[in-house]
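Undergrad: Starting off with a structure, shown below.
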Amino acid sequence: MELSKISVLSLVELVVACLLVIALMVANAIVMVYAERKGAGFIQRRPGPYEVGPWGILQPVADSMKLLAKQLFVPANVDFLLYFLAPVLAFLPVLLLFLPIPFGPYLTALKVPDGVVLILAFAGFGLLANLLAGYSSNNKYGILGAGRAVAQGVAYEIPMILALLAVVFQTGSMNLSDIAEAQGSAPWRWNFLCQPLAFFIYLVTLVAETNRAPFDLPEGESELTAGFHTEYSGMGFALFFLSEYANMLLVSFVCATFFLGGYKGPILDGFWWTFIKAYAVMAFIVWIRWTFPRVRFDQLLNINWKWLLPLSILNLWITAVIIKLV
Amino acid sequence: MQQEASNIASTLLEYIARPLRALQEWLSPYLPGDEWAAYLAFAVYVLVILAGGFGAILSRNLIRAMLGLVLTFLGVAGMFLLLASPFLAFMQLLIYVGAVCVLIFFAVMLTQNTDGGEESRLPSLASLGYGALAFLAPLAVAGPLIVMYAGRVPVETPQPEGTGLLGAGLLSSYVLPFELISIILLVAMAGAVYLAFRGFNPKRGGQNQ
């Protein structure tokens, strides 16, 4: 058997993909900061940012300049190693998570046979980063935020996995490209119609997994100042911020691929459909953030353990029975 | 229209790929082969696993020890990848990093602990000796086996197997061990719930005694 050589082509491909993903993450954060503040303003009947540039459109630029120029402040008695490791650990895995997403029929960075498992596995590192940040910063709000992040993250991960598993059952593949391919072009042939319960459960858990309101208990600013990232300033905070928005984008892309037909659309399939759908989900996340009040912590856990978990198991069981019968 | 667009895209990609292929041809004699790369990856993973393990046992702070454990799990996941079973590698990370380590963190946070680990002392000489014995025990079993069977067992390059094979195995030939493991987990969970609810009194506002 002839041993093959390391392929330069695939290495270059991987590097280019990583660079594109970083560009996407940063661009997404900039766009979403503006969109979120304008959206909040619209919902709360105020103008939102309007001073910097026309319609306040340069506000994110001003924000990021401020973050870059800010002094890095390290509070006393922090666990140094963990304090600096946490933002990096929050940021790096997200890079990997975008690789198996099929943006278009040809635009997939890494065609992994078990793409779903890869995404779910490395999503756990984000939670770990939040914990380390809260623990290492030697702050009671930080520790409380970290404690809440554990309970919430571990709890909501289960219905999320079970909801995605129902679609995997239906498609018979864990490859994201196959799942997108299995759905039709017309909107009524997308998965959210034949898996309405899984779609609903995924939408709820998606908000909880990204720590967004109404489930933003780990960082609820009126209770815990900023929760796990209270003691981070400058670029440390910026990395958390960037990874939070990147995580939102990731769950939106997964939602688009699993339930909304991926790159398929009524006219002219292509990566533009993936982006339109993902940003529709993002708009939904922003919308409910400014519409619903924050839930109490016991309510948060009760919703998960008493409703979402049994419902997702039931959904999985029904899916399995239907697949067996048909 | 769609066909045309994809044709244009693939032509463009071809233009980018051509110089890279030329580069591959040109570099080919100097590039390492797959076997060499596999050895390199193995060495890196072994280093990661050992570094994580030493970090876990030598650090005096429980959270740092847990981080060492995470590093070890990462190395083990890399080993699974090297054995061409990405599914097991990802499950390793999903379960051990995403759930087990996070729960360890939860347990550490729920117990009283001081930050710097001042209460921990250096181990005595006797316990160091026991530790060394325990470290060498697998070697004592595995060493003779390796020497006896070295070169006799045909070592094939592992081929990536679908998860379907794994699932079929778990539900057909290995169904009994699989179910027994789940019963053990159920017993552990029931025990934990019993322990947590032993002093539970609903009349007193659900407070533990």
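Residues in the structure tokens are numbered from 1 in each chain, the chains being A, B, ... in the order shown, and ligands are numbered from 1 in the order shown.
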Counting only C-alpha atoms, which residues of chain B sit at most 10 Å from some atom of chain A, and what is each one's closest atom pair with its distance in Å to one decimal, listed by chain and rising residue number, as CSV?
TA:
residue,atom,partner,partner_atom,distance
B:Met1,CA,A:Leu268,CA,8.3
B:Gln2,CA,A:Leu268,CA,6.7
B:Ala5,CA,A:Gly270,CA,9.8
B:Ser6,CA,A:Tyr106,CA,8.4
B:Ala9,CA,A:Tyr106,CA,8.7
B:Ser10,CA,A:Tyr106,CA,8.9
B:Ile16,CA,A:Leu9,CA,10.0
B:Ala17,CA,A:Leu9,CA,7.2
B:Arg18,CA,A:Leu9,CA,9.6
B:Pro19,CA,A:Leu9,CA,9.6
B:Leu20,CA,A:Leu9,CA,6.0
B:Arg21,CA,A:Leu9,CA,6.8
B:Ala22,CA,A:Val8,CA,10.0
B:Leu23,CA,A:Val8,CA,7.7
B:Gln24,CA,A:Val8,CA,5.8
B:Glu25,CA,A:Val8,CA,9.5
B:Leu27,CA,A:Val8,CA,8.8
B:Ser28,CA,A:Lys5,CA,7.3
B:Pro29,CA,A:Lys5,CA,9.2
B:Tyr30,CA,A:Lys5,CA,9.6
B:Leu31,CA,A:Lys5,CA,6.5
B:Pro32,CA,A:Lys5,CA,6.2
B:Gly33,CA,A:Lys5,CA,4.4
B:Asp34,CA,A:Lys5,CA,5.7
B:Glu35,CA,A:Leu3,CA,7.2
B:Trp36,CA,A:Lys5,CA,9.5
B:Ala37,CA,A:Ile6,CA,7.9
B:Asn61,CA,A:Asp79,CA,9.8
B:Ile63,CA,A:Leu132,CA,8.2
B:Arg64,CA,A:Leu82,CA,7.9
B:Leu67,CA,A:Leu82,CA,9.2
B:Val70,CA,A:Leu128,CA,9.8
B:Pro86,CA,A:Asp114,CA,7.3
B:Phe87,CA,A:Asp114,CA,6.3
B:Leu88,CA,A:Val117,CA,9.6
B:Ala89,CA,A:Leu118,CA,8.8
B:Phe90,CA,A:Leu118,CA,5.6
B:Met91,CA,A:Ala121,CA,6.7
B:Gln92,CA,A:Ala121,CA,8.1
B:Leu93,CA,A:Ala121,CA,5.3
B:Leu94,CA,A:Ala121,CA,4.0
B:Ile95,CA,A:Ala121,CA,7.8
B:Tyr96,CA,A:Ala121,CA,9.4
B:Val97,CA,A:Gly124,CA,6.7
B:Gly98,CA,A:Gly124,CA,4.3
B:Ala99,CA,A:Val154,CA,6.6
B:Val100,CA,A:Val154,CA,9.8
B:Cys101,CA,A:Leu128,CA,8.4
B:Val102,CA,A:Val150,CA,6.6
B:Leu103,CA,A:Val150,CA,7.7
B:Phe105,CA,A:Leu131,CA,8.0
B:Phe106,CA,A:Val150,CA,6.8
B:Met109,CA,A:Gly147,CA,7.3
B:Leu110,CA,A:Gly147,CA,8.8
B:Asp115,CA,A:Asp79,CA,8.7
B:Gly116,CA,A:Asp79,CA,8.9
B:Pro160,CA,A:Pro113,CA,9.9
B:Gly162,CA,A:Pro113,CA,8.2
B:Thr163,CA,A:Asp114,CA,8.4
B:Gly164,CA,A:Ser173,CA,9.4
Undergrad: Find the spatial neighbours of Gly68 of chain B, counting only C-alpha atoms, within a cut-off of 7 Å - ignore same-chain residues fewer than 6 positions away - and output them as a VMD selection string.
TA: chain B and resid 52 to 53 55 to 56
Undergrad: With all heavy atoms retained, write the just-selected residues as a PDB file, in the first residue's frame.
TA:
ATOM      1  N   GLY B  52      -1.771  16.730  31.197  1.00  0.00           N
ATOM      2  CA  GLY B  52      -3.044  16.903  31.889  1.00  0.00           C
ATOM      3  C   GLY B  52      -3.087  16.102  33.171  1.00  0.00           C
ATOM      4  O   GLY B  52      -3.513  16.594  34.216  1.00  0.00           O
ATOM      5  N   GLY B  53      -2.622  14.859  33.104  1.00  0.00           N
ATOM      6  CA  GLY B  53      -2.646  14.004  34.288  1.00  0.00           C
ATOM      7  C   GLY B  53      -1.782  14.575  35.399  1.00  0.00           C
ATOM      8  O   GLY B  53      -2.206  14.651  36.562  1.00  0.00           O
ATOM      9  N   GLY B  55      -0.888  17.662  35.722  1.00  0.00           N
ATOM     10  CA  GLY B  55      -1.549  18.878  36.195  1.00  0.00           C
ATOM     11  C   GLY B  55      -2.648  18.555  37.192  1.00  0.00           C
ATOM     12  O   GLY B  55      -2.806  19.234  38.205  1.00  0.00           O
ATOM     13  N   ALA B  56      -3.383  17.472  36.906  1.00  0.00           N
ATOM     14  CA  ALA B  56      -4.504  17.124  37.776  1.00  0.00           C
ATOM     15  C   ALA B  56      -4.025  16.672  39.146  1.00  0.00           C
ATOM     16  O   ALA B  56      -4.627  17.004  40.168  1.00  0.00           O
ATOM     17  CB  ALA B  56      -5.350  16.034  37.128  1.00  0.00           C
TER      18      ALA B  56
END
Undergrad: I'd like the interatomic distance between atom CA of Met25 of chain A and atom CA of Pro87 of chain A, to a tenth of an Å.
TA: 15.2 Å
Undergrad: For Gly75 of chain B, list every protein, DNA or RNA residue within 9 Å, evaluated using only C-alpha atoms, and leave out those in the same chain fewer than 5 positions away; present the list as a PyMOL selection string.
TA: chain B and resi 44-50+52+70+80
Undergrad: With all heavy atoms retained, export the selected residues as an mmCIF file, in the first residue's frame.
TA:
data_model
loop_
_atom_site.group_PDB
_atom_site.id
_atom_site.type_symbol
_atom_site.label_atom_id
_atom_site.label_comp_id
_atom_site.auth_asym_id
_atom_site.auth_seq_id
_atom_site.Cartn_x
_atom_site.Cartn_y
_atom_site.Cartn_z
ATOM 1 N N VAL B 44 2.196 13.842 20.264
ATOM 2 C CA VAL B 44 1.570 15.051 20.807
ATOM 3 C C VAL B 44 0.453 14.683 21.773
ATOM 4 O O VAL B 44 0.355 15.220 22.882
ATOM 5 C CB VAL B 44 1.038 15.930 19.655
ATOM 6 C CG1 VAL B 44 0.167 17.051 20.197
ATOM 7 C CG2 VAL B 44 2.185 16.519 18.873
ATOM 8 N N TYR B 45 -0.375 13.696 21.371
ATOM 9 C CA TYR B 45 -1.496 13.322 22.238
ATOM 10 C C TYR B 45 -1.004 12.720 23.547
ATOM 11 O O TYR B 45 -1.548 12.999 24.612
ATOM 12 C CB TYR B 45 -2.432 12.344 21.522
ATOM 13 C CG TYR B 45 -3.158 12.952 20.361
ATOM 14 C CD1 TYR B 45 -3.389 12.239 19.197
ATOM 15 C CD2 TYR B 45 -3.604 14.271 20.422
ATOM 16 C CE1 TYR B 45 -4.043 12.811 18.134
ATOM 17 C CE2 TYR B 45 -4.253 14.849 19.368
ATOM 18 C CZ TYR B 45 -4.465 14.115 18.228
ATOM 19 O OH TYR B 45 -5.112 14.692 17.172
ATOM 20 N N VAL B 46 0.050 11.895 23.460
ATOM 21 C CA VAL B 46 0.598 11.304 24.690
ATOM 22 C C VAL B 46 1.091 12.407 25.611
ATOM 23 O O VAL B 46 0.820 12.402 26.825
ATOM 24 C CB VAL B 46 1.728 10.320 24.353
ATOM 25 C CG1 VAL B 46 2.524 9.991 25.596
ATOM 26 C CG2 VAL B 46 1.163 9.051 23.767
ATOM 27 N N LEU B 47 1.775 13.402 25.029
ATOM 28 C CA LEU B 47 2.262 14.515 25.842
ATOM 29 C C LEU B 47 1.099 15.265 26.490
ATOM 30 O O LEU B 47 1.152 15.620 27.665
ATOM 31 C CB LEU B 47 3.085 15.478 24.978
ATOM 32 C CG LEU B 47 4.528 15.045 24.736
ATOM 33 C CD1 LEU B 47 5.252 16.097 23.910
ATOM 34 C CD2 LEU B 47 5.243 14.844 26.056
ATOM 35 N N VAL B 48 0.041 15.494 25.699
ATOM 36 C CA VAL B 48 -1.122 16.212 26.234
ATOM 37 C C VAL B 48 -1.742 15.434 27.385
ATOM 38 O O VAL B 48 -2.048 15.984 28.450
ATOM 39 C CB VAL B 48 -2.150 16.465 25.109
ATOM 40 C CG1 VAL B 48 -3.481 16.905 25.685
ATOM 41 C CG2 VAL B 48 -1.644 17.521 24.160
ATOM 42 N N ILE B 49 -1.897 14.101 27.181
ATOM 43 C CA ILE B 49 -2.523 13.279 28.217
ATOM 44 C C ILE B 49 -1.681 13.311 29.491
ATOM 45 O O ILE B 49 -2.200 13.525 30.601
ATOM 46 C CB ILE B 49 -2.694 11.829 27.709
ATOM 47 C CG1 ILE B 49 -3.757 11.771 26.633
ATOM 48 C CG2 ILE B 49 -3.060 10.901 28.848
ATOM 49 C CD1 ILE B 49 -3.874 10.443 25.976
ATOM 50 N N LEU B 50 -0.346 13.125 29.333
ATOM 51 C CA LEU B 50 0.517 13.090 30.519
ATOM 52 C C LEU B 50 0.537 14.452 31.209
ATOM 53 O O LEU B 50 0.469 14.530 32.447
ATOM 54 C CB LEU B 50 1.928 12.669 30.125
ATOM 55 C CG LEU B 50 2.078 11.175 29.838
ATOM 56 C CD1 LEU B 50 3.501 10.855 29.484
ATOM 57 C CD2 LEU B 50 1.644 10.355 31.053
ATOM 58 N N GLY B 52 -1.771 16.730 31.197
ATOM 59 C CA GLY B 52 -3.044 16.903 31.889
ATOM 60 C C GLY B 52 -3.087 16.102 33.171
ATOM 61 O O GLY B 52 -3.513 16.594 34.216
ATOM 62 N N VAL B 70 -9.539 17.940 32.136
ATOM 63 C CA VAL B 70 -10.095 18.311 30.826
ATOM 64 C C VAL B 70 -9.034 18.130 29.737
ATOM 65 O O VAL B 70 -9.312 17.610 28.653
ATOM 66 C CB VAL B 70 -10.602 19.774 30.847
ATOM 67 C CG1 VAL B 70 -10.936 20.244 29.458
ATOM 68 C CG2 VAL B 70 -11.795 19.907 31.745
ATOM 69 N N PHE B 80 -8.702 8.860 19.979
ATOM 70 C CA PHE B 80 -9.832 8.256 19.258
ATOM 71 C C PHE B 80 -9.855 8.731 17.805
ATOM 72 O O PHE B 80 -10.139 7.957 16.891
ATOM 73 C CB PHE B 80 -11.154 8.619 19.933
ATOM 74 C CG PHE B 80 -11.494 7.736 21.097
ATOM 75 C CD1 PHE B 80 -11.799 8.276 22.330
ATOM 76 C CD2 PHE B 80 -11.512 6.367 20.958
ATOM 77 C CE1 PHE B 80 -12.112 7.475 23.396
ATOM 78 C CE2 PHE B 80 -11.827 5.546 22.019
ATOM 79 C CZ PHE B 80 -12.122 6.105 23.246
#
Undergrad: Would you work out the distance separating atom CA of Ile313 of chain A from atom CA of Val187 of chain B, expressed in Å to one decimal?
TA: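 So the two atoms, atom CA of Ile313 of chain A and atom CA of Val187 of chain B, lie 20.5 Å apart.
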Undergrad: List every residue of segment 140-231 of chain A that DSSP, applied to the backbone, labels as alpha helix (DSSP H), and write the result as a PyMOL selection string.
TA: chain A and resi 140-171+176-182+191-194+196-209+221-224
Undergrad: For atom CA of Arg45 of chain A and atom CA of Ala280 of chain A, determine how far apart the two atoms are, in Å to one decimal place.
TA: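 Straight-line distance from atom CA of Arg45 of chain A to atom CA of Ala280 of chain A works out to 21.5 Å.
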Undergrad: Find the residues around Ala29 of chain A up to 10 Å (only C-alpha atoms counted), leave out those fewer than 4 positions away in its own chain, and share them as a PyMOL selection string.
TA: chain A and resi 23-25+33-35+60+64+241-246+248-249
Undergrad: Restrict the selected residues to all heavy atoms and save them as a short mmCIF file (atom, residue, chain, number, x, y, z; two decimals), in the first residue's frame.
TA:
data_model
loop_
_atom_site.label_atom_id
_atom_site.label_comp_id
_atom_site.auth_asym_id
_atom_site.auth_seq_id
_atom_site.Cartn_x
_atom_site.Cartn_y
_atom_site.Cartn_z
N ALA A 23 -13.55 36.16 10.16
CA ALA A 23 -14.12 37.36 9.54
C ALA A 23 -15.62 37.40 9.75
O ALA A 23 -16.19 38.45 10.10
CB ALA A 23 -13.79 37.37 8.05
N LEU A 24 -16.26 36.23 9.58
CA LEU A 24 -17.72 36.17 9.76
C LEU A 24 -18.10 36.52 11.20
O LEU A 24 -19.05 37.26 11.44
CB LEU A 24 -18.21 34.77 9.40
CG LEU A 24 -19.69 34.51 9.63
CD1 LEU A 24 -20.51 35.34 8.67
CD2 LEU A 24 -20.02 33.05 9.46
N MET A 25 -17.33 35.97 12.17
CA MET A 25 -17.64 36.22 13.57
C MET A 25 -17.56 37.71 13.89
O MET A 25 -18.45 38.28 14.54
CB MET A 25 -16.66 35.46 14.47
CG MET A 25 -17.02 34.02 14.70
SD MET A 25 -15.63 33.12 15.40
CE MET A 25 -15.67 33.70 17.07
N VAL A 33 -24.45 44.21 16.96
CA VAL A 33 -24.48 45.25 18.00
C VAL A 33 -25.39 46.37 17.56
O VAL A 33 -26.28 46.82 18.29
CB VAL A 33 -23.05 45.77 18.28
CG1 VAL A 33 -23.11 47.05 19.07
CG2 VAL A 33 -22.25 44.75 19.03
N TYR A 34 -25.21 46.79 16.30
CA TYR A 34 -26.04 47.88 15.78
C TYR A 34 -27.50 47.43 15.69
O TYR A 34 -28.40 48.13 16.16
CB TYR A 34 -25.52 48.31 14.41
CG TYR A 34 -26.29 49.45 13.81
CD1 TYR A 34 -26.19 50.72 14.35
CD2 TYR A 34 -27.14 49.24 12.73
CE1 TYR A 34 -26.91 51.77 13.82
CE2 TYR A 34 -27.86 50.28 12.20
CZ TYR A 34 -27.74 51.55 12.74
OH TYR A 34 -28.46 52.58 12.20
N ALA A 35 -27.72 46.25 15.11
CA ALA A 35 -29.09 45.78 14.91
C ALA A 35 -29.79 45.61 16.25
O ALA A 35 -30.97 45.96 16.39
CB ALA A 35 -29.08 44.45 14.15
N PRO A 60 -21.11 50.81 16.36
CA PRO A 60 -20.28 49.63 16.70
C PRO A 60 -18.79 49.91 16.55
O PRO A 60 -17.98 49.38 17.33
CB PRO A 60 -20.74 48.57 15.70
CG PRO A 60 -21.97 49.06 15.10
CD PRO A 60 -22.07 50.51 15.31
N SER A 64 -16.12 49.38 19.46
CA SER A 64 -14.97 48.47 19.43
C SER A 64 -13.68 49.24 19.64
O SER A 64 -12.74 48.72 20.26
CB SER A 64 -14.95 47.68 18.12
OG SER A 64 -15.24 48.50 17.04
N PHE A 241 -17.79 38.87 24.64
CA PHE A 241 -18.86 39.48 23.87
C PHE A 241 -18.91 38.87 22.48
O PHE A 241 -19.96 38.45 22.00
CB PHE A 241 -18.54 40.97 23.80
CG PHE A 241 -19.68 41.82 23.39
CD1 PHE A 241 -20.73 42.04 24.26
CD2 PHE A 241 -19.71 42.40 22.15
CE1 PHE A 241 -21.79 42.82 23.88
CE2 PHE A 241 -20.76 43.19 21.77
CZ PHE A 241 -21.81 43.40 22.63
N LEU A 242 -17.71 38.79 21.86
CA LEU A 242 -17.60 38.23 20.52
C LEU A 242 -18.07 36.79 20.49
O LEU A 242 -18.82 36.38 19.60
CB LEU A 242 -16.13 38.30 20.10
CG LEU A 242 -15.81 38.45 18.63
CD1 LEU A 242 -16.46 39.71 18.11
CD2 LEU A 242 -14.31 38.55 18.45
N SER A 243 -17.67 36.02 21.50
CA SER A 243 -18.04 34.60 21.48
C SER A 243 -19.53 34.45 21.78
O SER A 243 -20.15 33.51 21.28
CB SER A 243 -17.19 33.79 22.44
OG SER A 243 -17.37 34.25 23.74
N GLU A 244 -20.12 35.37 22.54
CA GLU A 244 -21.56 35.25 22.78
C GLU A 244 -22.33 35.46 21.47
O GLU A 244 -23.23 34.69 21.13
CB GLU A 244 -22.02 36.26 23.82
CG GLU A 244 -23.51 36.12 24.10
CD GLU A 244 -24.03 37.12 25.10
OE1 GLU A 244 -23.30 37.44 26.04
OE2 GLU A 244 -25.19 37.56 24.94
N TYR A 245 -21.92 36.49 20.72
CA TYR A 245 -22.61 36.73 19.45
C TYR A 245 -22.32 35.62 18.45
O TYR A 245 -23.20 35.23 17.67
CB TYR A 245 -22.23 38.09 18.89
CG TYR A 245 -23.09 39.18 19.48
CD1 TYR A 245 -22.65 39.96 20.52
CD2 TYR A 245 -24.38 39.36 19.02
CE1 TYR A 245 -23.46 40.92 21.10
CE2 TYR A 245 -25.20 40.31 19.57
CZ TYR A 245 -24.74 41.10 20.61
OH TYR A 245 -25.55 42.03 21.16
N ALA A 246 -21.09 35.09 18.47
CA ALA A 246 -20.77 33.99 17.56
C ALA A 246 -21.59 32.76 17.92
O ALA A 246 -22.07 32.04 17.04
CB ALA A 246 -19.29 33.67 17.63
N MET A 248 -24.56 32.79 19.28
CA MET A 248 -25.92 33.05 18.78
C MET A 248 -26.01 32.73 17.30
O MET A 248 -26.96 32.10 16.84
CB MET A 248 -26.26 34.53 18.97
CG MET A 248 -26.84 34.88 20.29
SD MET A 248 -26.83 36.65 20.47
CE MET A 248 -27.97 37.16 19.21
N LEU A 249 -24.99 33.18 16.54
CA LEU A 249 -24.98 32.93 15.10
C LEU A 249 -24.93 31.43 14.83
O LEU A 249 -25.62 30.92 13.94
CB LEU A 249 -23.79 33.64 14.46
CG LEU A 249 -23.78 33.62 12.95
CD1 LEU A 249 -24.95 34.41 12.41
CD2 LEU A 249 -22.49 34.18 12.41
#
Undergrad: Of the candidates A:Pro159, A:Phe258, A:Ser177, A:Thr225, which shows the shortest atom-to-atom distance to Trp190 of chain A, using only C-alpha atoms?
TA: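 Between A:Pro159, A:Phe258, A:Ser177, A:Thr225, the residue approaching Trp190 of chain A most closely is A:Phe258.
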